[in-house]
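For reference, the structure is listed below as structure tokens.
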Amino acid sequence: MHLNAWEQQRGHVLLIAGDVAVRRRTVQLAPSANLAALAMVPASALLGSGLPSDTVSLDGARDPNTLLTRLRTAAATPGPLLVYLSGRLTVDRRGRRLHLALAGTTAASVRYTSLPWEWLGTELRARPAGLTTVLLDLAADKEAWPLLQEYGSLPAPPSVEVYGVICPPAFAPAAGAAVSGYTRQWIDQLRRGPGRPGNVQLHALAVSAAALPPGTVVLPTARELAMRSGPQQEHQQPQEPQEPQHLRQPEHPVPASAPTAGPDPETGGPVPAPGADPRPYIHALATAGRHAEAAKLAQAWEEYVLQACGHASSEATGWVEIRADLARMAGDFPLATRLWMGAGQTRLARQGADAPEVHAAAAGALYCWAQVRDRALALEFGPGLVALLGALPLADPRHLLLAEQRLQVLRTADRPHALHR
């Protein structure tokens with residue numbers, strides 16, 4: 001008797017705790033505590049899947065080859081896979097490669113007693129897209145931090161989704177902080193229910209609520225998030241922020257008198273303007289990294305639509321939303337927050353609190369506001385965002401709560417320097 005495809009599929013959760021991160025005798029990150037808390041969450045919630053699954057927790061491991069064996073076993077899983085890593089990120093001084101320090105790793109023994117980051121990518125590279133998630137809660141030591149800043153991110157195969165935070169070496173945990181770290185917040189969001197948010201939304205909510213120190217590297221970066229694509233698996237929930245619908249299909253025919261669609265993102269040459277929908281070209285420019293060109297073209301179209309349809313038109317608001325998402329893709333989170341809030345307020349006044357477009361704009365504003373580093377700007381946007389979220393009776397109550405919590409933290413912070421993600 002042969003098992004059907006569903007019965008043959010299995011999921012896998014691999015939890016790895018590396019070395020504790022200590023700075024000036026203060027524990028910055030306790031991987032064992034994170035692992036213990038995460039191990040209490042059902043694998044179905046961690047994976048976002050109802051498939052039968054296996055969970056393996058590795059705490060206190062000292063041999064990188066043991067971890068490599070476990071990684072290979074996990075990578076062979078036919079179903080969804082979550083690999084969680086927590087601990088100290090260090091560097092091999094001789095080879096200048098990033099490693100996860102294990103128990104007993106010293107500066108002199110990195111090459112022999114820690115897990116090279118590249119091993120993770122090597123083992124997971126062959127897995128199908130959409131089935132693999134790597135979740136990180138790390139602190140870089142003073143040797144690894146310059147290399148991490150040089151990279152700007154952690155290299156990973158395109159088929160793997162990476163979420164997490166890497167704290168800088170000089171931070172100290174806030175005493176008596178009302179909110180805890182990234183892993184704890186991820187767990188808290190999973191337990192709130194009903195339903196499991198997508199990984200992007202979980203990540204955004206966790207980053208918003210965690211008391212992350214200034215300078216924290218948040219993964220994925222804005223560019224990586226914008227470039228991410230691939231089929232959604234049946235076991236996954238829809239993720240936010242998604243590619244906006246208004247970048248896909250035109251709502252109305254494009255008149256010949258409209259602005260030109262701009263240069264072709266592949267060749268740099270012109271494209272036929274009359275009757276052409278500009279949104280695919282604008283989106284292609286942005287995903288190719290040509291953010292200034294995409295923003296300039298979108299602004300030109302917004303001005304045209306304002307003249308043709310009026311400020312109160314849905315077409316004009318749609319172009320505000322396009323500009324907001326382009327700003328997000330470019331990493332300009334203050335501008336993205338301002339535009340999403342404006343679009344949400346306009347749609348709220350015109351369409352009412354039940355309209356899905358209003359909720360989408362509010363969710364976009366919240367996500368981008370959570371990434372705003374400058375404390376003064378975050379404080380400037382906070383009250384308006386809280387008011388917008390509070391006006392939506394059907395909105396996820398977690399969104400309003402997280403916005404209120406972060407605004408309170410911003411108002412009571414005693415340090416005037418920039419607030420990083």
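Going by the structure tokens order, chains are called A, B, ..., each with residues numbered from 1, while ligands are numbered from 1 in the order shown.
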
Shell of 12 Å around A:Ala378, only C-alpha atoms, local chain residues under 2 positions omitted, as a short mmCIF file (atom, residue, chain, number, x, y, z; two decimals) with C-alpha atoms, in the first residue's frame:
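Final file, result24.cif:
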```
data_model
loop_
_atom_site.label_atom_id
_atom_site.label_comp_id
_atom_site.auth_asym_id
_atom_site.auth_seq_id
_atom_site.Cartn_x
_atom_site.Cartn_y
_atom_site.Cartn_z
CA SER A 208 8.22 46.58 15.67
CA PHE A 333 10.99 54.31 5.00
CA PRO A 334 10.14 57.84 6.22
CA LEU A 335 8.78 58.78 2.79
CA THR A 337 5.39 55.89 5.86
CA ARG A 338 4.23 59.41 5.01
CA ALA A 365 2.27 52.43 6.92
CA LEU A 366 2.82 50.34 10.05
CA CYS A 368 7.40 51.07 7.04
CA TRP A 369 7.11 53.08 10.29
CA ALA A 370 8.62 50.11 12.15
CA GLN A 371 11.72 50.52 9.98
CA VAL A 372 12.16 54.29 10.51
CA ARG A 373 15.50 54.79 12.26
CA ASP A 374 15.34 58.46 13.12
CA ARG A 375 13.64 58.91 16.50
CA ALA A 376 12.31 62.39 15.72
CA GLU A 380 6.37 62.65 14.16
CA PHE A 381 4.56 59.83 12.36
CA GLY A 382 3.50 57.84 15.43
CA PRO A 383 0.39 59.73 16.61
CA GLY A 384 -1.09 59.90 13.12
CA LEU A 385 -0.49 56.21 12.55
CA VAL A 386 -2.04 55.27 15.88
CA ALA A 403 2.07 50.92 17.36
CA ARG A 406 6.48 51.61 20.16
CA LEU A 407 5.19 55.17 20.42
CA GLN A 408 5.33 54.91 24.20
CA VAL A 409 8.92 53.63 24.04
CA LEU A 410 9.85 56.50 21.72
CA ARG A 411 8.30 59.07 24.02
CA ALA A 418 18.78 57.92 16.21
CA LEU A 419 16.57 54.94 16.85
CA HIS A 420 17.65 52.10 14.57
CA ARG A 421 15.56 49.13 13.58
#
```

(request) For A:Val217, work out the shell of residues within 9 Å, counting only C-alpha atoms and skipping chain neighbours fewer than 2 positions away, then give it as a ChimeraX atom specification. (result) /A:148-149,152-153,164-168,215,219-221,420-421

Output N, CA and C atoms for every residue in that selection, as a compact mmCIF listing (two decimals), in the first residue's frame.
```txt
# COMPACT_ATOMS: atom_id res chain seq x y z
N LEU A 148 30.41 42.26 8.55
CA LEU A 148 28.97 42.28 8.33
C LEU A 148 28.54 43.61 7.71
N GLN A 149 29.12 44.71 8.19
CA GLN A 149 28.81 46.01 7.63
C GLN A 149 29.27 46.10 6.17
N GLY A 152 26.68 44.08 4.25
CA GLY A 152 25.36 44.70 4.30
C GLY A 152 24.25 43.71 4.57
N SER A 153 24.55 42.42 4.50
CA SER A 153 23.56 41.38 4.75
C SER A 153 24.31 40.08 4.96
N GLY A 164 15.37 37.87 10.41
CA GLY A 164 16.02 37.95 11.70
C GLY A 164 16.71 39.26 11.94
N VAL A 165 17.46 39.30 13.03
CA VAL A 165 18.18 40.50 13.44
C VAL A 165 19.59 40.11 13.87
N ILE A 166 20.52 41.04 13.66
CA ILE A 166 21.90 40.87 14.14
C ILE A 166 22.27 42.14 14.89
N CYS A 167 22.42 42.02 16.19
CA CYS A 167 22.71 43.18 17.02
C CYS A 167 24.20 43.51 16.99
N PRO A 168 24.55 44.77 17.13
CA PRO A 168 25.96 45.17 17.12
C PRO A 168 26.68 44.77 18.40
N GLY A 215 21.55 50.52 15.47
CA GLY A 215 22.50 49.87 14.58
C GLY A 215 22.18 48.45 14.22
N LEU A 219 17.12 41.68 8.79
CA LEU A 219 17.06 40.89 7.56
C LEU A 219 15.65 40.34 7.35
N PRO A 220 15.11 40.41 6.14
CA PRO A 220 15.78 40.87 4.94
C PRO A 220 15.88 42.39 4.91
N THR A 221 16.87 42.89 4.17
CA THR A 221 16.95 44.32 3.94
C THR A 221 15.80 44.73 3.02
N HIS A 420 17.48 53.00 15.70
CA HIS A 420 17.65 52.10 14.57
C HIS A 420 16.67 50.96 14.71
N ARG A 421 16.52 50.23 13.61
CA ARG A 421 15.56 49.13 13.58
C ARG A 421 15.94 48.03 14.54
```

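You will find atom CA of A:Glu293 at 11.8 Å from atom CA of A:Arg323.
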
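With only C-alpha atoms as the atoms that count, the residue of A:Val200, A:Ala101, A:Leu138, A:Leu392 with the shortest distance to A:Pro356 is A:Leu392.
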
(message) as a PyMOL selection string, please: the residues near A:Val358 (cut-off 10 Å, only C-alpha atoms, same-chain neighbours under 2 positions excluded).
(response) chain A and resi 340-341+343-356+360-364+388-389+392+395

(request) Write out as a PyMOL selection string all residues of stretch 45-180 of chain A that backbone DSSP assigns to strand (DSSP E or B). (result) chain A and resi 53-59+81-92+97-101+114-116+132-140+160-167

(request) Find the distance between atom CA of A:Trp319 and atom CA of A:His283 and write it in Å to one decimal. (result) 12.6 Å

(request) For A:Leu147, work out the shell of residues within 10 Å, counting only C-alpha atoms and skipping chain neighbours fewer than 2 positions away, then give it as JSON, numbers by chain. (result) {"A": [90, 91, 96, 97, 98, 140, 142, 143, 144, 145, 149, 150, 151, 152, 153]}

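Among the candidate residues A:Arg184, A:Arg191, A:Arg93, A:His399, the one lying nearest to A:Leu29 is A:Arg184, with distances computed using only C-alpha atoms.
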
(request) Kindly indicate which residue among A:Ala210, A:Leu400, A:Ala37, A:Ala17 lies nearest to A:Leu115, using only C-alpha atoms for the distances. (result) A:Ala17

(message) I'd like the neighbourhood of A:Leu47 as a VMD selection string, where a residue qualifies if any of its atoms comes within 10 Å (using only C-alpha atoms), though same-chain residues fewer than 3 positions away should be ignored.
(response) chain A and resid 11 to 13 42 to 44 50 to 51 53 79 to 82 131 to 133 196 199 235 to 236

(request) List the neighbours of stretch 59-61 of chain A out to 7 Å using only C-alpha atoms; skip same-chain residues closer than 6 positions along the sequence, and give me the result as a list in words. (result)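 Surrounding residues, per the criterion: Ile16, Ala17, Gly18, Ser32, Leu102 and Ala103 of chain A.
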
Saved selection, atoms kept: all heavy atoms, as a PDB file, in the first residue's frame:
```pdb
ATOM      1  N   ILE A  16      19.033  25.623  16.594  1.00  0.00           N
ATOM      2  CA  ILE A  16      20.448  25.577  16.960  1.00  0.00           C
ATOM      3  C   ILE A  16      20.790  26.770  17.844  1.00  0.00           C
ATOM      4  O   ILE A  16      20.553  27.924  17.461  1.00  0.00           O
ATOM      5  CB  ILE A  16      21.354  25.590  15.712  1.00  0.00           C
ATOM      6  CG1 ILE A  16      21.063  24.370  14.839  1.00  0.00           C
ATOM      7  CG2 ILE A  16      22.824  25.636  16.105  1.00  0.00           C
ATOM      8  CD1 ILE A  16      21.823  24.373  13.523  1.00  0.00           C
ATOM      9  N   ALA A  17      21.328  26.486  19.029  1.00  0.00           N
ATOM     10  CA  ALA A  17      21.807  27.532  19.929  1.00  0.00           C
ATOM     11  C   ALA A  17      23.327  27.520  19.922  1.00  0.00           C
ATOM     12  O   ALA A  17      23.947  26.505  20.248  1.00  0.00           O
ATOM     13  CB  ALA A  17      21.277  27.312  21.351  1.00  0.00           C
ATOM     14  N   GLY A  18      23.919  28.636  19.542  1.00  0.00           N
ATOM     15  CA  GLY A  18      25.365  28.755  19.564  1.00  0.00           C
ATOM     16  C   GLY A  18      25.856  29.305  20.881  1.00  0.00           C
ATOM     17  O   GLY A  18      25.186  29.212  21.918  1.00  0.00           O
ATOM     18  N   SER A  32      20.410  29.742  24.623  1.00  0.00           N
ATOM     19  CA  SER A  32      19.725  28.603  25.242  1.00  0.00           C
ATOM     20  C   SER A  32      18.315  28.967  25.675  1.00  0.00           C
ATOM     21  O   SER A  32      17.372  28.169  25.521  1.00  0.00           O
ATOM     22  CB  SER A  32      20.529  28.094  26.440  1.00  0.00           C
ATOM     23  OG  SER A  32      21.785  27.587  26.031  1.00  0.00           O
ATOM     24  N   LEU A 102      30.241  28.396  18.526  1.00  0.00           N
ATOM     25  CA  LEU A 102      29.639  27.345  19.336  1.00  0.00           C
ATOM     26  C   LEU A 102      30.211  27.397  20.746  1.00  0.00           C
ATOM     27  O   LEU A 102      31.108  28.193  21.037  1.00  0.00           O
ATOM     28  CB  LEU A 102      29.903  25.987  18.693  1.00  0.00           C
ATOM     29  CG  LEU A 102      29.429  25.827  17.250  1.00  0.00           C
ATOM     30  CD1 LEU A 102      29.750  24.426  16.730  1.00  0.00           C
ATOM     31  CD2 LEU A 102      27.948  26.129  17.118  1.00  0.00           C
ATOM     32  N   ALA A 103      29.687  26.556  21.614  1.00  0.00           N
ATOM     33  CA  ALA A 103      30.185  26.517  22.990  1.00  0.00           C
ATOM     34  C   ALA A 103      31.673  26.213  22.987  1.00  0.00           C
ATOM     35  O   ALA A 103      32.115  25.232  22.388  1.00  0.00           O
ATOM     36  CB  ALA A 103      29.425  25.463  23.793  1.00  0.00           C
TER      37      ALA A 103
END
```

(request) Take atom CA of A:Leu100 and atom CA of A:Ala211 and report the distance between them in Å, one decimal. (result) 22.8 Å

(request) Step one, run DSSP on the backbone; step two, keep only residues of stretch 88-192 of chain A assigned to helix (DSSP H, G or I); then write them as an NGL selection string. (result) :A and (110-113 or 117-124 or 144-151 or 182-192)
